[in-house]
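**Student:** Structure file target13.pdb (PDB, C-alpha atoms) right here:
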```pdb
ATOM      1  CA  MET A   1      84.211  95.570 112.930
ATOM      2  CA  ASN A   2      81.121  94.822 110.830
ATOM      3  CA  LYS A   3      82.732  91.609 109.516
ATOM      4  CA  CYS A   4      83.332  90.432 113.092
ATOM      5  CA  LEU A   5      79.756  91.213 114.066
ATOM      6  CA  ALA A   6      78.386  89.475 110.972
ATOM      7  CA  THR A   7      80.567  86.400 111.637
ATOM      8  CA  LEU A   8      79.406  86.320 115.256
ATOM      9  CA  LEU A   9      75.755  86.522 114.218
ATOM     10  CA  VAL A  10      76.165  83.694 111.687
ATOM     11  CA  LEU A  11      77.945  81.580 114.307
ATOM     12  CA  CYS A  12      75.219  82.224 116.885
ATOM     13  CA  GLN A  13      72.525  81.336 114.354
ATOM     14  CA  ALA A  14      74.366  78.123 113.407
ATOM     15  CA  LEU A  15      74.730  77.149 117.066
ATOM     16  CA  GLY A  16      71.014  77.782 117.576
ATOM     17  CA  VAL A  17      70.124  75.541 114.617
ATOM     18  CA  MET A  18      72.475  72.806 115.876
ATOM     19  CA  ALA A  19      70.997  73.064 119.376
ATOM     20  CA  GLN A  20      67.450  72.832 118.014
ATOM     21  CA  SER A  21      68.421  69.772 115.937
ATOM     22  CA  LYS A  22      69.904  68.053 118.998
ATOM     23  CA  LYS A  23      66.830  68.923 121.046
ATOM     24  CA  GLU A  24      64.544  67.398 118.400
ATOM     25  CA  GLN A  25      66.646  64.220 118.481
ATOM     26  CA  GLY A  26      66.379  64.051 122.273
ATOM     27  CA  LEU A  27      70.125  64.583 122.712
ATOM     28  CA  PRO A  28      71.456  66.790 125.502
ATOM     29  CA  ILE A  29      72.831  70.131 124.412
ATOM     30  CA  LEU A  30      76.382  70.598 125.633
ATOM     31  CA  LEU A  31      77.978  73.948 126.256
ATOM     32  CA  PRO A  32      81.319  74.628 124.560
ATOM     33  CA  VAL A  33      84.124  74.007 127.057
ATOM     34  CA  ASN A  34      87.832  74.540 127.317
ATOM     35  CA  MET A  35      89.150  70.978 127.604
ATOM     36  CA  GLU A  36      92.275  72.272 129.391
ATOM     37  CA  GLU A  37      90.009  73.119 132.330
ATOM     38  CA  PHE A  38      89.005  69.463 132.527
ATOM     39  CA  LEU A  39      92.470  67.900 132.565
ATOM     40  CA  VAL A  40      92.844  65.698 135.624
ATOM     41  CA  LEU A  41      95.808  66.293 137.946
ATOM     42  CA  SER A  42      97.110  62.815 137.175
ATOM     43  CA  GLU A  43      97.221  63.669 133.454
ATOM     44  CA  LYS A  44      98.951  66.997 134.113
ATOM     45  CA  THR A  45     101.683  65.312 136.188
ATOM     46  CA  ASP A  46     102.317  62.199 134.082
ATOM     47  CA  PHE A  47     100.396  60.207 136.737
ATOM     48  CA  LYS A  48     102.799  61.170 139.543
ATOM     49  CA  LYS A  49     100.012  62.917 141.489
ATOM     50  CA  THR A  50      96.364  62.181 142.125
ATOM     51  CA  PRO A  51      93.692  64.737 143.027
ATOM     52  CA  LYS A  52      92.549  65.050 146.602
ATOM     53  CA  PHE A  53      88.879  64.673 147.496
ATOM     54  CA  ASP A  54      87.898  68.345 147.144
ATOM     55  CA  GLU A  55      89.554  68.524 143.706
ATOM     56  CA  THR A  56      87.753  65.337 142.665
ATOM     57  CA  ARG A  57      84.395  66.598 143.885
ATOM     58  CA  ASP A  58      84.999  69.976 142.205
ATOM     59  CA  PHE A  59      85.785  68.184 138.917
ATOM     60  CA  PHE A  60      82.411  66.405 138.912
ATOM     61  CA  HIS A  61      80.596  69.606 139.893
ATOM     62  CA  ARG A  62      82.221  71.375 136.930
ATOM     63  CA  LEU A  63      81.082  68.499 134.673
ATOM     64  CA  GLU A  64      77.566  68.989 136.011
ATOM     65  CA  GLN A  65      77.713  72.685 135.052
ATOM     66  CA  VAL A  66      78.426  71.852 131.397
ATOM     67  CA  SER A  67      76.489  68.597 130.941
ATOM     68  CA  PRO A  68      72.805  68.045 131.694
ATOM     69  CA  MET A  69      73.567  64.323 132.020
ATOM     70  CA  VAL A  70      75.491  64.768 135.318
ATOM     71  CA  HIS A  71      73.927  65.107 138.760
ATOM     72  CA  ASN A  72      75.928  65.409 141.987
ATOM     73  CA  SER A  73      74.545  64.563 145.392
ATOM     74  CA  SER A  74      75.595  62.972 148.660
ATOM     75  CA  PHE A  75      74.731  59.691 150.321
ATOM     76  CA  GLY A  76      75.957  60.481 153.825
ATOM     77  CA  THR A  77      78.997  61.568 155.769
ATOM     78  CA  SER A  78      82.223  59.827 156.727
ATOM     79  CA  PRO A  79      83.330  59.199 160.338
ATOM     80  CA  GLN A  80      85.400  62.405 160.087
ATOM     81  CA  GLY A  81      82.420  64.377 158.774
ATOM     82  CA  ARG A  82      83.257  64.503 155.074
ATOM     83  CA  GLU A  83      80.465  64.349 152.510
ATOM     84  CA  LEU A  84      80.205  61.045 150.644
ATOM     85  CA  SER A  85      79.804  62.019 147.001
ATOM     86  CA  LEU A  86      77.465  60.369 144.570
ATOM     87  CA  VAL A  87      77.493  61.199 140.860
ATOM     88  CA  VAL A  88      74.688  60.047 138.572
ATOM     89  CA  ILE A  89      75.323  60.016 134.823
ATOM     90  CA  ASP A  90      72.166  59.507 132.805
ATOM     91  CA  LYS A  91      71.307  60.502 129.226
ATOM     92  CA  ASP A  92      68.033  62.116 130.339
ATOM     93  CA  GLY A  93      69.514  63.777 133.410
ATOM     94  CA  LEU A  94      67.605  61.481 135.759
ATOM     95  CA  THR A  95      68.873  61.722 139.313
ATOM     96  CA  THR A  96      67.778  58.594 141.193
ATOM     97  CA  PRO A  97      68.092  54.854 140.633
ATOM     98  CA  GLU A  98      64.302  54.586 140.888
ATOM     99  CA  GLU A  99      63.776  57.003 137.985
ATOM    100  CA  ILE A 100      66.422  55.221 135.914
ATOM    101  CA  ARG A 101      64.950  51.763 136.557
ATOM    102  CA  ALA A 102      61.505  53.072 135.583
ATOM    103  CA  LYS A 103      62.979  53.857 132.138
ATOM    104  CA  GLY A 104      64.215  50.248 131.901
ATOM    105  CA  ARG A 105      67.910  51.132 131.883
ATOM    106  CA  ILE A 106      70.660  49.157 133.554
ATOM    107  CA  ILE A 107      72.489  50.881 136.413
ATOM    108  CA  ILE A 108      76.213  50.341 136.779
ATOM    109  CA  LEU A 109      77.530  51.205 140.242
ATOM    110  CA  VAL A 110      81.163  52.312 140.231
ATOM    111  CA  GLU A 111      83.046  52.632 143.523
ATOM    112  CA  SER A 112      86.550  54.060 143.434
ATOM    113  CA  CYS A 113      89.144  54.475 146.163
ATOM    114  CA  ILE A 114      87.829  51.747 148.422
ATOM    115  CA  HIS A 115      91.508  51.250 149.207
ATOM    116  CA  SER A 116      92.504  54.878 148.939
ATOM    117  CA  GLY A 117      96.109  53.939 148.336
ATOM    118  CA  GLU A 118      94.874  52.677 144.959
ATOM    119  CA  PRO A 119      93.539  55.856 143.312
ATOM    120  CA  ASP A 120      93.861  54.659 139.699
ATOM    121  CA  GLY A 121      90.150  53.872 139.420
ATOM    122  CA  LYS A 122      89.186  57.382 140.553
ATOM    123  CA  ASP A 123      91.576  58.970 138.064
ATOM    124  CA  ALA A 124      90.391  56.642 135.292
ATOM    125  CA  CYS A 125      86.718  57.452 136.023
ATOM    126  CA  MET A 126      87.405  61.179 135.897
ATOM    127  CA  ILE A 127      89.112  60.814 132.518
ATOM    128  CA  TYR A 128      86.603  58.314 131.107
ATOM    129  CA  PHE A 129      83.454  60.213 132.064
ATOM    130  CA  ARG A 130      84.968  63.518 130.938
ATOM    131  CA  ASP A 131      85.718  61.982 127.556
ATOM    132  CA  MET A 132      82.247  60.448 127.354
ATOM    133  CA  LEU A 133      80.388  63.609 128.309
ATOM    134  CA  LEU A 134      82.523  66.237 126.607
ATOM    135  CA  LYS A 135      84.028  64.380 123.644
ATOM    136  CA  GLY A 136      81.266  61.842 122.981
ATOM    137  CA  LYS A 137      83.503  58.785 123.542
ATOM    138  CA  ASP A 138      81.394  55.640 124.114
ATOM    139  CA  LYS A 139      78.311  57.838 124.569
ATOM    140  CA  GLU A 140      76.181  55.162 122.902
ATOM    141  CA  LEU A 141      76.453  53.195 126.168
ATOM    142  CA  LEU A 142      74.096  55.697 127.732
ATOM    143  CA  LYS A 143      71.275  54.467 125.493
ATOM    144  CA  ASP A 144      70.722  51.457 127.759
ATOM    145  CA  VAL A 145      72.943  52.159 130.769
ATOM    146  CA  SER A 146      73.256  54.813 133.470
ATOM    147  CA  PHE A 147      76.133  55.163 135.891
ATOM    148  CA  VAL A 148      76.035  55.794 139.608
ATOM    149  CA  LEU A 149      79.531  56.697 140.747
ATOM    150  CA  ASP A 150      81.102  57.051 144.163
ATOM    151  CA  PRO A 151      84.456  58.583 143.164
ATOM    152  CA  VAL A 152      86.052  58.284 146.630
ATOM    153  CA  PHE A 153      84.440  55.588 148.799
ATOM    154  CA  ASN A 154      87.029  55.717 151.605
ATOM    155  CA  VAL A 155      87.204  59.500 151.784
ATOM    156  CA  ASP A 156      88.907  59.679 155.206
ATOM    157  CA  GLY A 157      91.629  57.219 154.197
ATOM    158  CA  HIS A 158      91.937  59.048 150.879
ATOM    159  CA  GLU A 159      92.687  62.341 152.605
ATOM    160  CA  ASP A 160      95.469  60.779 154.715
ATOM    161  CA  PHE A 161      97.930  61.675 151.922
ATOM    162  CA  ARG A 162     101.552  60.742 152.525
ATOM    163  CA  ALA A 163     104.588  59.832 150.478
ATOM    164  CA  THR A 164     105.241  56.936 152.873
ATOM    165  CA  ASN A 165     101.942  55.135 152.225
ATOM    166  CA  ARG A 166     102.544  52.059 150.041
ATOM    167  CA  ILE A 167     106.201  52.789 149.355
ATOM    168  CA  ASN A 168     106.562  49.751 147.094
ATOM    169  CA  GLN A 169     103.755  50.916 144.797
ATOM    170  CA  ASN A 170     104.642  52.490 141.468
ATOM    171  CA  GLY A 171     103.024  55.897 141.949
ATOM    172  CA  PRO A 172     101.533  58.279 142.585
ATOM    173  CA  ASP A 173     104.048  60.147 144.759
ATOM    174  CA  GLU A 174     101.534  60.688 147.577
ATOM    175  CA  LEU A 175      98.350  58.791 148.251
ATOM    176  CA  GLY A 176      95.914  57.761 150.945
ATOM    177  CA  THR A 177      95.688  54.656 153.123
ATOM    178  CA  ARG A 178      93.694  51.444 153.005
ATOM    179  CA  ASN A 179      92.120  52.098 156.402
ATOM    180  CA  ASN A 180      89.304  54.502 157.031
ATOM    181  CA  ALA A 181      89.141  56.877 160.007
ATOM    182  CA  LEU A 182      87.964  53.995 162.228
ATOM    183  CA  MET A 183      91.077  52.003 161.202
ATOM    184  CA  MET A 184      88.921  49.531 159.299
ATOM    185  CA  ASN A 185      90.585  48.065 156.219
ATOM    186  CA  LEU A 186      87.847  48.460 153.644
TER     187      LEU A 186
END
```
Translate the structure described by the file into structure tokens.
**Tutor:**
Amino acid sequence: MNKCLATLLVLCQALGVMAQSKKEQGLPILLPVNMEEFLVLSEKTDFKKTPKFDETRDFFHRLEQVSPMVHNSSFGTSPQGRELSLVVIDKDGLTTPEEIRAKGRIIILVESCIHSGEPDGKDACMIYFRDMLLKGKDKELLKDVSFVLDPVFNVDGHEDFRATNRINQNGPDELGTRNNALMMNL
């Protein structure tokens, strides 16, 4: 028992030193995470399924809980009353384009699921930003760039999941439609 306690104390001390070092360098301190909890539905199903809107929004909220570089907000509501999600990814945890521009960084706007029958961009963004924020992949981009992401632009069309939408498309098994709730082809 004493060996376990001693090992735990050494580990905690080492984590504290590492956290202090990152803080001195101006790098965000990330919490340890179970990467299994951040697998995207498309990855789990060999890209035969895509997450619905609530699952997508939940994914980015979970990223926000473990990374100080993620901020979730909304920029309005859809015709059917769904929240329009906006995710800001910034190395300093800035939350608005105005704050980011004041730092002289470039803002890249990413809109996914404009045609909700084409969810690949949403799935790719979930995987890419997870890997950037939790594994450090391409993190150097955040030195000069911040991302503003709308993971599901056509949220009402996205939630009209059916196996008969886009039957000639190679996956996923069910997906949304091109049209929004007002039957406008975005």
**Student:** Which distance in Å separates atom CA of Val152 of chain A and atom CA of Phe75 of chain A, to one decimal?
**Tutor:**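 Interatomic distance, atom CA of Val152 of chain A to atom CA of Phe75 of chain A: 12.0 Å.
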**Student:** Between atom CA of Ser78 of chain A and atom CA of Leu94 of chain A, measure the distance and give it in Å to one decimal.
**Tutor:** 25.6 Å
**Student:** Excluding Gly104 of chain A and its own-chain neighbours fewer than 3 positions away, which residues fall within 8 Å of it when counting all atoms listed in the file? Please give them as a PyMOL selection string.
**Tutor:** chain A and resi 100-101+144
**Student:** Considering all atoms listed in the file, return as a ChimeraX atom specification whatever protein or nucleic-acid residues lie within 12 Å of Leu134 of chain A, sequence-local ones (same chain, fewer than 5 positions apart) excluded.
**Tutor:** /A:28-39,62-70,126-129,139
**Student:** To verify the selection step, state as a ChimeraX atom specification which residues the PyMOL selection byres ((chain A and resi 85) around 10) yields on this input.
**Tutor:** /A:53,56-57,60,72-77,82-84,86-87,149-153,155
**Student:** In Å, how far is it from atom CA of Ser42 of chain A to atom CA of Phe59 of chain A?
**Tutor:**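 That distance, rounded to one decimal, is 12.7 Å.
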**Student:** Can you turn the PyMOL selection byres ((chain A and resi 110) around 7) into a concrete residue list for this file, as a PyMOL selection string?
**Tutor:** chain A and resi 108-109+111-112+148-150
**Student:** Got time to write the residues from that selection, C-alpha atoms, as a PDB file, in the frame of the given file?
**Tutor:**
```pdb
ATOM      1  CA  ILE A 108      76.213  50.341 136.779  1.00  0.00           C
ATOM      2  CA  LEU A 109      77.530  51.205 140.242  1.00  0.00           C
ATOM      3  CA  GLU A 111      83.046  52.632 143.523  1.00  0.00           C
ATOM      4  CA  SER A 112      86.550  54.060 143.434  1.00  0.00           C
ATOM      5  CA  VAL A 148      76.035  55.794 139.608  1.00  0.00           C
ATOM      6  CA  LEU A 149      79.531  56.697 140.747  1.00  0.00           C
ATOM      7  CA  ASP A 150      81.102  57.051 144.163  1.00  0.00           C
TER       8      ASP A 150
END
```
**Student:** When distances are computed from only C-alpha atoms, which of A:Lys52, A:Arg130, A:His71, A:Lys44 shows the smallest separation from Glu159 of chain A?
**Tutor:** A:Lys52
**Student:** Which residues, protein or nucleic acid, reach to within 12 Å of (86.0, 48.5, 157.5) in the file's coordinates when using all atoms listed in the file, and can you give that as a list of chain:residue names?
**Tutor:**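 Counting all atoms listed in the file, I find these residues within 12 Å of (86.0, 48.5, 157.5): A:Ser78, A:Pro79, A:Ile114, A:His115, A:Phe153, A:Asn154, A:Asp156, A:Gly157, A:Arg178, A:Asn179, A:Asn180, A:Ala181, A:Leu182, A:Met183, A:Met184, A:Asn185, A:Leu186.
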**Student:** What are the centre and the three edge lengths of an axis-aligned box that wraps all atoms of segment 61-74 of chain A in the file, given that 6 Å is added to every side, written as JSON and rounded to one decimal in Å?
**Tutor:**
```
{"center_x": 77.5, "center_y": 67.8, "center_z": 139.8, "size_x": 21.4, "size_y": 21.7, "size_z": 29.7}
```
**Student:** Which residue gives the smallest distance to Asp92 of chain A among A:Ser146, A:Cys125, A:His158, A:Pro51, with all atoms listed in the file counted?
**Tutor:** A:Ser146
